[in-house]
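Student: Starting off with a structure, shown below.
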Amino acid sequence: MKKLFLLLLTIVVFVSFPASLLFGLSGEPKREFDEFIRNLREEKRIDQIGYLILVQIPLKKSSEDKILSLAGKFFYACEEGYLTHVNYARLQKFQKEKLSLKILDKKRLDDRKEAWYLVWTNSLEDEKTLEAKFEPLFKHQHTSLIRIKPEDEDYLLENKLRYSILEEELLPPKVSKPFESGKTIKVDPFIKDLVASVTVQMLASTVQTLEDFKSRYVSDPGNLAATHWLASEFAKIPSLEVATPTFSSYSGTMSNVIATKKGEKEPDSVYVVCGHFDSTSSGKDRKIAPGADDNGSGAAGVLEIARQIGRLRFPCTIIFACMNAEEIGLIGSKAFAKKLAATTGIQIKAVFNMDMIGDKDDNQVAVIGNSRSNWLIDVFKDAASAYTGLQSTPLYNSNIWYSDHSSFWNVGASAILTIEGYPEMSPYYHSSKDLLKNMAPSLMEKITRSNLAALLSLNPPIVAKTAK
Ligand SMILES: [Zn+2]
């Protein structure tokens, strides 16, 4: 019916324009007319078009709730507004709410030939490199938004540009209330012992094993081998449910490694501890991508925390997640976060992401969060200082999205990234020299311990009453 109406309207438009006027148009009126016709044509496939929009509202939690309730997700947040993706019906909802917005681009929802990418440009030089090949649709500080063909990813990798592919699927609009702990950290002797049980030797041994796969790049056989090895290590820990859920990417089907410890009081309230285990290097075939610091270190941290506390009992559920395909656009964590957020009843309480946690022997960690995660930065900072003496450099309201935590930001969860430094990181990342021997495992120990301390402060183990 609608189609018929549009067809009639198109005919009416054509017949009601005198041919002389139609063909005599030039300059501004012609452009307007062309745009009008183009719009009419597009209206016919109205529900197949995705609109990439910048919603120009203030950077705060209530704005985020609004976006999540109308679009289901957002990709990026800054003082200029929120970047998100909608179809026509959702776009109309934004317009009905009278929210000021800019349409940055339109694209068919089923178009797999091109995709939107957020690209991290660390310097002016990076920006120049990027813009020599692509024209950004949007730019803010270190972030550029482009639309490119997946095969052009190689250009980004070769130039060491970090990127994230925007999830173009439409998620169900759902706002989960961000949880906030007003807890002040008091040192608990039981937690203190657990924290101290994480040791540099075990962490280093895991990093060495991961390094020995030579490459864990998504298309390398080492990736699958590492997937199996990690799953088998988690499976050795009593009472964890281990799964390797698959997802697809441009590189084929692959798996995350997910180990779940079910909570006993609030099983639907979930804490996530994560770190990606895939690696990359800027070399042509990526056959040598040892990825010790990036991110054997974070994956080792996740496994070690699971080993130390997996056998205990907890009020809330803890998910230990080694993510895959981070290096090709955060694809594994996006698939995981999207699924978790869409599960009825689940509340994601907090996410701890470790990525590159052992470059040099110092006592500093950079802690990165967005506006829904500032409380979590504070919890981490206090727990780290109380239990390990590690000093945090907090980056509140940051636009640093280039690791798996941002997949959780996108669905409205509180998530932090702990990283060895920002902006200074290991000079060896994404190279054949990213080896354990070029790291300082002592920092890896402190950062892993601190994440464990923060997790246990929020979700303390249920201690069995000793029999009298
Ligand atoms: Zn990484």
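Labels used: A, B, ... for chains in the order of the structure tokens, numbers from 1 for residues in each chain, and numbers from 1 for ligands as shown.
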Write down as an MDAnalysis selection string the residues of stretch 83-222 of chain A whose backbone DSSP state falls under alpha helix (DSSP H).

Tutor: chainID A and resid 88:96 124:133 153:158 189:196 200:211 221:222

Student: Considering only C-alpha atoms, give me a table of residues in stretch 61-176 of chain A that are at most 8 Å from stretch 411-427 of chain A, with the closest atom pair and distance in Å for each, as a tab-separated table.

Tutor:
```
residue	atom	partner	partner_atom	distance
A:Glu64	CA	A:Gly412	CA	7.6
A:Asp65	CA	A:Gly412	CA	8.0
A:Leu68	CA	A:Gly412	CA	7.1
A:Gly72	CA	A:Val411	CA	7.0
A:Lys73	CA	A:Val411	CA	5.1
A:Phe74	CA	A:Val411	CA	7.1
A:Val175	CA	A:Gly412	CA	7.1
A:Ser176	CA	A:Gly412	CA	7.0
```

Student: Taking only C-alpha atoms and all ligand atoms into account, which residues are within 6 Å of ligand 1, as JSON, numbers by chain?

Tutor: {"A": [294, 295, 355]}

Student: Emit the selected residues as a PDB file, in the first residue's frame, including all heavy atoms.

Tutor:
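New file part03.pdb:
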```pdb
ATOM      1  N   ASP A 294      50.878  -7.615  24.287  1.00  0.00           N
ATOM      2  CA  ASP A 294      49.577  -7.342  23.643  1.00  0.00           C
ATOM      3  C   ASP A 294      49.033  -8.594  22.978  1.00  0.00           C
ATOM      4  O   ASP A 294      49.310  -8.855  21.834  1.00  0.00           O
ATOM      5  CB  ASP A 294      49.755  -6.223  22.618  1.00  0.00           C
ATOM      6  CG  ASP A 294      48.427  -5.784  22.022  1.00  0.00           C
ATOM      7  OD1 ASP A 294      47.375  -6.174  22.562  1.00  0.00           O
ATOM      8  OD2 ASP A 294      48.440  -5.051  21.019  1.00  0.00           O
ATOM      9  N   ASN A 295      48.240  -9.420  23.592  1.00  0.00           N
ATOM     10  CA  ASN A 295      47.805  -9.229  24.949  1.00  0.00           C
ATOM     11  C   ASN A 295      47.859 -10.568  25.689  1.00  0.00           C
ATOM     12  O   ASN A 295      46.904 -10.970  26.332  1.00  0.00           O
ATOM     13  CB  ASN A 295      46.400  -8.610  24.958  1.00  0.00           C
ATOM     14  CG  ASN A 295      45.914  -8.285  26.345  1.00  0.00           C
ATOM     15  OD1 ASN A 295      46.690  -7.950  27.213  1.00  0.00           O
ATOM     16  ND2 ASN A 295      44.619  -8.446  26.555  1.00  0.00           N
ATOM     17  N   ASP A 355      44.434  -4.986  29.043  1.00  0.00           N
ATOM     18  CA  ASP A 355      45.051  -5.043  27.712  1.00  0.00           C
ATOM     19  C   ASP A 355      46.414  -4.366  27.789  1.00  0.00           C
ATOM     20  O   ASP A 355      46.479  -3.159  27.996  1.00  0.00           O
ATOM     21  CB  ASP A 355      44.142  -4.343  26.690  1.00  0.00           C
ATOM     22  CG  ASP A 355      44.530  -4.666  25.257  1.00  0.00           C
ATOM     23  OD1 ASP A 355      45.562  -5.336  25.052  1.00  0.00           O
ATOM     24  OD2 ASP A 355      43.793  -4.246  24.336  1.00  0.00           O
TER      25      ASP A 355
END
```

Student: Point out the residue among A:Gly332, A:Pro394, A:Pro178, A:Gly345 with the least atom-to-atom distance to A:Gly369, counting only C-alpha atoms.

Tutor: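 Using only C-alpha atoms, the shortest distance to A:Gly369 belongs to A:Pro394.
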
Student: Return as JSON lines the residues of stretch 337-405 of chain A lying at most 10 Å from stretch 310-322 of chain A, together with the closest atom-to-atom pair for each and the distance in Å to one decimal, counting only C-alpha atoms, with rows in chain order and ascending residue number.

Tutor:
```
{"residue": "A:Ile348", "atom": "CA", "partner": "A:Thr317", "partner_atom": "CA", "distance": 9.7}
{"residue": "A:Lys349", "atom": "CA", "partner": "A:Cys316", "partner_atom": "CA", "distance": 9.2}
{"residue": "A:Ala350", "atom": "CA", "partner": "A:Ile318", "partner_atom": "CA", "distance": 9.9}
{"residue": "A:Val351", "atom": "CA", "partner": "A:Ile319", "partner_atom": "CA", "distance": 9.4}
{"residue": "A:Phe352", "atom": "CA", "partner": "A:Phe320", "partner_atom": "CA", "distance": 9.8}
{"residue": "A:Asn353", "atom": "CA", "partner": "A:Ala321", "partner_atom": "CA", "distance": 9.4}
```

Student: Counting only C-alpha atoms, what is within 9 Å of stretch 147-164 of chain A, bar same-chain residues fewer than 3 positions away, as a PyMOL selection string?

Tutor: chain A and resi 105+112-122+126+129-130+133-137+167+250+280-284+326-331+401-403+430

Student: Going by DSSP on the backbone, which residues of stretch 54-211 of chain A come out as strand (DSSP E)? List them as a ChimeraX atom specification.

Tutor: /A:54-55,76-78,81-86,101-108,115-120,138-140,143-148,162-165

Student: Would you mind exporting N, CA, C and O atoms of the selected residues as a short mmCIF file (atom, residue, chain, number, x, y, z; two decimals), in the first residue's frame?

Tutor:
```
data_model
loop_
_atom_site.label_atom_id
_atom_site.label_comp_id
_atom_site.auth_asym_id
_atom_site.auth_seq_id
_atom_site.Cartn_x
_atom_site.Cartn_y
_atom_site.Cartn_z
N LEU A 54 24.74 11.63 14.58
CA LEU A 54 25.36 12.25 15.75
C LEU A 54 24.24 12.96 16.49
O LEU A 54 23.65 13.90 15.97
N VAL A 55 23.90 12.46 17.67
CA VAL A 55 22.84 13.08 18.46
C VAL A 55 23.49 14.15 19.32
O VAL A 55 24.32 13.85 20.19
N TYR A 76 30.16 6.05 20.33
CA TYR A 76 31.18 7.02 20.70
C TYR A 76 30.47 8.17 21.37
O TYR A 76 29.35 8.54 20.98
N ALA A 77 31.12 8.75 22.38
CA ALA A 77 30.51 9.87 23.09
C ALA A 77 31.55 10.94 23.30
O ALA A 77 32.69 10.65 23.66
N CYS A 78 31.19 12.18 23.04
CA CYS A 78 32.08 13.29 23.30
C CYS A 78 31.24 14.55 23.48
O CYS A 78 30.02 14.48 23.38
N GLY A 81 28.48 15.20 21.10
CA GLY A 81 27.28 14.37 21.10
C GLY A 81 27.59 12.89 21.06
O GLY A 81 28.72 12.47 21.31
N TYR A 82 26.57 12.11 20.74
CA TYR A 82 26.68 10.66 20.74
C TYR A 82 26.51 10.12 19.32
O TYR A 82 25.58 10.50 18.61
N LEU A 83 27.40 9.22 18.98
CA LEU A 83 27.34 8.61 17.66
C LEU A 83 26.56 7.31 17.77
O LEU A 83 26.90 6.45 18.57
N THR A 84 25.51 7.16 16.97
CA THR A 84 24.79 5.90 16.99
C THR A 84 24.23 5.58 15.61
O THR A 84 24.40 6.34 14.66
N HIS A 85 23.54 4.45 15.54
CA HIS A 85 23.08 3.92 14.27
C HIS A 85 21.63 3.51 14.42
O HIS A 85 21.28 2.81 15.36
N VAL A 86 20.78 3.97 13.50
CA VAL A 86 19.34 3.70 13.61
C VAL A 86 18.76 3.37 12.24
O VAL A 86 19.38 3.63 11.22
N LEU A 101 19.93 16.44 15.89
CA LEU A 101 20.85 15.44 15.37
C LEU A 101 21.31 15.73 13.96
O LEU A 101 20.70 16.51 13.23
N LYS A 102 22.44 15.13 13.62
CA LYS A 102 23.03 15.29 12.31
C LYS A 102 23.13 13.90 11.68
O LYS A 102 23.64 12.99 12.33
N ILE A 103 22.64 13.74 10.44
CA ILE A 103 22.84 12.46 9.76
C ILE A 103 24.21 12.51 9.09
O ILE A 103 24.47 13.37 8.27
N LEU A 104 25.10 11.60 9.49
CA LEU A 104 26.45 11.61 8.95
C LEU A 104 26.59 10.77 7.70
O LEU A 104 27.40 11.04 6.83
N ASP A 105 25.78 9.69 7.64
CA ASP A 105 25.88 8.81 6.48
C ASP A 105 24.66 7.89 6.46
O ASP A 105 24.02 7.67 7.49
N LYS A 106 24.35 7.37 5.27
CA LYS A 106 23.27 6.39 5.12
C LYS A 106 23.85 5.19 4.40
O LYS A 106 24.73 5.33 3.56
N LYS A 107 23.30 4.03 4.73
CA LYS A 107 23.86 2.82 4.12
C LYS A 107 22.83 1.71 4.26
O LYS A 107 22.12 1.64 5.26
N ARG A 108 22.74 0.87 3.25
CA ARG A 108 21.80 -0.26 3.35
C ARG A 108 22.21 -1.18 4.48
O ARG A 108 23.39 -1.49 4.65
N ALA A 115 31.79 -1.07 5.43
CA ALA A 115 31.40 -0.95 6.84
C ALA A 115 31.94 0.36 7.40
O ALA A 115 32.87 0.96 6.86
N TRP A 116 31.31 0.79 8.49
CA TRP A 116 31.80 1.99 9.19
C TRP A 116 32.85 1.58 10.20
O TRP A 116 32.69 0.61 10.93
N TYR A 117 33.93 2.34 10.23
CA TYR A 117 35.05 2.07 11.14
C TYR A 117 35.37 3.32 11.95
O TYR A 117 35.43 4.42 11.41
N LEU A 118 35.62 3.11 13.24
CA LEU A 118 36.22 4.18 14.05
C LEU A 118 37.72 3.93 13.99
O LEU A 118 38.17 2.81 14.22
N VAL A 119 38.49 4.94 13.70
CA VAL A 119 39.94 4.76 13.61
C VAL A 119 40.63 5.68 14.61
O VAL A 119 40.26 6.85 14.75
N TRP A 120 41.60 5.13 15.30
CA TRP A 120 42.35 5.88 16.31
C TRP A 120 43.58 6.51 15.66
O TRP A 120 44.44 5.81 15.14
N PHE A 138 33.41 11.98 10.14
CA PHE A 138 33.34 12.68 11.41
C PHE A 138 34.72 12.60 12.06
O PHE A 138 35.41 11.60 11.92
N LYS A 139 35.10 13.66 12.76
CA LYS A 139 36.39 13.65 13.45
C LYS A 139 36.24 14.29 14.82
O LYS A 139 35.56 15.30 14.96
N HIS A 140 36.85 13.70 15.81
CA HIS A 140 36.90 14.32 17.13
C HIS A 140 38.18 13.85 17.82
O HIS A 140 38.39 12.65 17.96
N THR A 143 39.91 10.47 17.18
CA THR A 143 39.02 9.52 16.53
C THR A 143 38.52 10.04 15.18
O THR A 143 38.08 11.18 15.08
N SER A 144 38.61 9.19 14.17
CA SER A 144 38.01 9.51 12.87
C SER A 144 37.05 8.40 12.51
O SER A 144 37.29 7.23 12.80
N LEU A 145 35.97 8.78 11.86
CA LEU A 145 34.98 7.81 11.44
C LEU A 145 35.02 7.73 9.92
O LEU A 145 34.94 8.74 9.24
N ILE A 146 35.18 6.50 9.41
CA ILE A 146 35.24 6.34 7.95
C ILE A 146 34.33 5.21 7.51
O ILE A 146 33.92 4.38 8.32
N ARG A 147 33.99 5.20 6.21
CA ARG A 147 33.30 4.04 5.66
C ARG A 147 34.21 3.43 4.61
O ARG A 147 34.61 4.10 3.66
N ILE A 148 34.60 2.15 4.81
CA ILE A 148 35.54 1.53 3.88
C ILE A 148 35.17 0.08 3.59
O ILE A 148 34.31 -0.49 4.24
N ARG A 162 44.79 1.77 15.07
CA ARG A 162 43.83 0.92 15.78
C ARG A 162 42.44 1.26 15.28
O ARG A 162 42.16 2.41 14.98
N TYR A 163 41.58 0.27 15.22
CA TYR A 163 40.24 0.57 14.72
C TYR A 163 39.19 -0.34 15.34
O TYR A 163 39.49 -1.37 15.93
N SER A 164 37.95 0.09 15.21
CA SER A 164 36.82 -0.69 15.70
C SER A 164 35.74 -0.64 14.63
O SER A 164 35.42 0.43 14.11
N ILE A 165 35.20 -1.80 14.30
CA ILE A 165 34.14 -1.84 13.30
C ILE A 165 32.83 -1.54 14.00
O ILE A 165 32.53 -2.10 15.04
#
```

Student: What does the distance from atom CA of A:Pro58 to atom CA of A:Arg90 come to in Å, to one decimal?

Tutor: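 Going from atom CA of A:Pro58 over to atom CA of A:Arg90, I get 19.9 Å.
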
Student: Which of these, A:Val187, A:Pro290, A:Ala243, A:Ile346, has the shortest distance to A:Ala384 once you count only C-alpha atoms?

Tutor: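 For A:Ala384, the nearest of the candidates is A:Val187.
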
Student: For each of A:Ala342, A:Met323, A:Phe94, A:Ser297, take the minimum atom-to-atom distance to A:Met202, counting only C-alpha atoms, then give the residue where this is smallest.

Tutor: A:Ser297

Student: Using only C-alpha atoms, can you tell me which of A:Pro189, A:Gly222, A:Gly275, A:Gly50 comes closest to A:Leu166?

Tutor: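 Checking each candidate against A:Leu166, we get A:Gly50 as the closest.
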
Student: Of the residues A:Ala325, A:Val198, A:Ile49, A:Ile258, which is the one nearest to A:Phe277, using only C-alpha atoms?

Tutor: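 Result for the nearest residue to A:Phe277: A:Ala325.
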
Student: At what distance in Å, to one decimal, does atom CA of A:Asn256 lie from atom CA of A:Ile400?

Tutor: 22.8 Å

Student: Would you work out the distance separating atom CA of A:Val242 from atom CA of A:Lys261, expressed in Å to one decimal?

Tutor: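 About the pair atom CA of A:Val242 and atom CA of A:Lys261: they are 9.2 Å apart.
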
Student: When you look at stretch 244-248 of chain A with a cut-off of 8 Å (counting only C-alpha atoms), what residues show up, excluding the ones that are within fewer than 3 positions of it in the same chain? I need them as a list in words.

Tutor: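 These residues fall inside the cut-off: Ala231, Ser251, Gly252, Thr253, Met254, Ser255, Asn256, Val257, Ile258, Gly332 and Ala335 of chain A.
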
Student: Within 10 Å of A:Glu97, counting only C-alpha atoms, which residues show up once you throw out same-chain ones fewer than 3 positions away? Write them as a ChimeraX atom specification, please.

Tutor: /A:66,70,92-94,100

Student: Write to file, as a PDB file, in the first residue's frame, the residues of the selection just made, with N, CA, C and O atoms.

Tutor:
```pdb
ATOM      1  N   LYS A  66      18.811   7.991  27.360  1.00  0.00           N
ATOM      2  CA  LYS A  66      17.937   8.361  26.238  1.00  0.00           C
ATOM      3  C   LYS A  66      18.365   7.617  24.968  1.00  0.00           C
ATOM      4  O   LYS A  66      17.558   7.011  24.281  1.00  0.00           O
ATOM      5  N   LEU A  70      16.322   4.678  22.844  1.00  0.00           N
ATOM      6  CA  LEU A  70      15.823   4.924  21.487  1.00  0.00           C
ATOM      7  C   LEU A  70      16.585   4.140  20.409  1.00  0.00           C
ATOM      8  O   LEU A  70      16.013   3.775  19.384  1.00  0.00           O
ATOM      9  N   GLN A  92      12.916   8.419  13.457  1.00  0.00           N
ATOM     10  CA  GLN A  92      11.707   9.214  13.713  1.00  0.00           C
ATOM     11  C   GLN A  92      11.465   9.409  15.204  1.00  0.00           C
ATOM     12  O   GLN A  92      11.007  10.463  15.632  1.00  0.00           O
ATOM     13  N   LYS A  93      11.785   8.375  15.978  1.00  0.00           N
ATOM     14  CA  LYS A  93      11.620   8.503  17.437  1.00  0.00           C
ATOM     15  C   LYS A  93      12.520   9.616  17.980  1.00  0.00           C
ATOM     16  O   LYS A  93      12.110  10.383  18.835  1.00  0.00           O
ATOM     17  N   PHE A  94      13.746   9.667  17.482  1.00  0.00           N
ATOM     18  CA  PHE A  94      14.652  10.741  17.913  1.00  0.00           C
ATOM     19  C   PHE A  94      14.067  12.095  17.537  1.00  0.00           C
ATOM     20  O   PHE A  94      14.120  13.050  18.305  1.00  0.00           O
ATOM     21  N   SER A 100      18.226  17.217  18.819  1.00  0.00           N
ATOM     22  CA  SER A 100      18.963  17.751  17.688  1.00  0.00           C
ATOM     23  C   SER A 100      19.965  16.700  17.185  1.00  0.00           C
ATOM     24  O   SER A 100      20.720  16.130  17.962  1.00  0.00           O
TER      25      SER A 100
END
```

Student: Excluding stretch 204-206 of chain A and any residue of its chain fewer than 6 positions from it, enumerate the residues within 9 Å of it, using only C-alpha atoms, and give them as a PyMOL selection string.

Tutor: chain A and resi 296-297+299-301+303-304+436+441+444

Student: Once you have the residues from the selection above, write them out as a JSON list (two decimals), in the first residue's frame, restricted to N, CA, C and O atoms.

Tutor:
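Result went into result-v3.json, see below:
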```json
[["chain", "number", "residue", "atom", "x", "y", "z"],
["A", 296, "GLY", "N", 49.04, -11.26, 25.50],
["A", 296, "GLY", "CA", 49.24, -12.44, 26.32],
["A", 296, "GLY", "C", 49.11, -12.06, 27.79],
["A", 296, "GLY", "O", 48.58, -12.81, 28.61],
["A", 297, "SER", "N", 49.59, -10.85, 28.12],
["A", 297, "SER", "CA", 49.58, -10.40, 29.51],
["A", 297, "SER", "C", 48.16, -10.33, 30.09],
["A", 297, "SER", "O", 47.89, -10.86, 31.16],
["A", 299, "ALA", "N", 45.37, -11.72, 28.92],
["A", 299, "ALA", "CA", 44.73, -13.04, 28.90],
["A", 299, "ALA", "C", 45.25, -13.88, 30.07],
["A", 299, "ALA", "O", 44.48, -14.58, 30.74],
["A", 300, "ALA", "N", 46.57, -13.75, 30.35],
["A", 300, "ALA", "CA", 47.16, -14.47, 31.48],
["A", 300, "ALA", "C", 46.53, -13.97, 32.79],
["A", 300, "ALA", "O", 46.26, -14.77, 33.70],
["A", 301, "GLY", "N", 46.29, -12.68, 32.88],
["A", 301, "GLY", "CA", 45.65, -12.11, 34.06],
["A", 301, "GLY", "C", 44.27, -12.70, 34.29],
["A", 301, "GLY", "O", 43.91, -13.08, 35.42],
["A", 303, "LEU", "N", 43.09, -15.61, 33.19],
["A", 303, "LEU", "CA", 43.21, -17.03, 33.56],
["A", 303, "LEU", "C", 43.67, -17.18, 35.02],
["A", 303, "LEU", "O", 43.15, -18.01, 35.77],
["A", 304, "GLU", "N", 44.62, -16.34, 35.42],
["A", 304, "GLU", "CA", 45.17, -16.45, 36.78],
["A", 304, "GLU", "C", 44.12, -16.08, 37.83],
["A", 304, "GLU", "O", 44.03, -16.73, 38.88],
["A", 436, "LEU", "N", 58.09, -11.95, 25.84],
["A", 436, "LEU", "CA", 58.17, -11.94, 27.31],
["A", 436, "LEU", "C", 59.48, -11.33, 27.79],
["A", 436, "LEU", "O", 59.52, -10.58, 28.75],
["A", 441, "PRO", "N", 57.44, -8.56, 33.98],
["A", 441, "PRO", "CA", 56.29, -9.30, 34.53],
["A", 441, "PRO", "C", 55.83, -8.79, 35.90],
["A", 441, "PRO", "O", 54.68, -9.01, 36.28],
["A", 444, "MET", "N", 52.74, -6.79, 35.54],
["A", 444, "MET", "CA", 51.62, -7.67, 35.22],
["A", 444, "MET", "C", 51.02, -8.23, 36.51],
["A", 444, "MET", "O", 49.80, -8.32, 36.66]]
```

Student: Env of A:Leu224: 10 Å cut, atoms = only C-alpha atoms, seq-sep filter 3 positions within chain, self excluded. Answer as a list in words.

Tutor: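 Skipping anything fewer than 3 positions along the chain leaves Phe213, Arg216, Tyr217, Val218, Ser219, Asp220, Pro221, Thr227, His228, Trp229, Leu230, Met254, Ser255, Asp278 and Asn324 of chain A.
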
Student: Keeping C-alpha atoms, export the residues of the selection given above as a short mmCIF file (atom, residue, chain, number, x, y, z; two decimals), in the first residue's frame.

Tutor:
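Below is the file that was written, out-v4.cif:
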```
data_model
loop_
_atom_site.label_atom_id
_atom_site.label_comp_id
_atom_site.auth_asym_id
_atom_site.auth_seq_id
_atom_site.Cartn_x
_atom_site.Cartn_y
_atom_site.Cartn_z
CA PHE A 213 52.09 -20.30 19.40
CA ARG A 216 47.59 -15.85 17.34
CA TYR A 217 46.40 -13.70 14.45
CA VAL A 218 42.79 -14.52 13.60
CA SER A 219 43.57 -16.38 10.38
CA ASP A 220 46.66 -18.18 11.73
CA PRO A 221 46.38 -21.79 12.99
CA THR A 227 41.63 -21.10 21.82
CA HIS A 228 41.80 -24.82 22.64
CA TRP A 229 44.64 -24.40 25.10
CA LEU A 230 42.89 -21.62 27.04
CA MET A 254 36.03 -18.12 15.44
CA SER A 255 35.50 -18.37 19.19
CA ASP A 278 44.43 -12.84 19.65
CA ASN A 324 39.15 -13.16 20.26
#
```
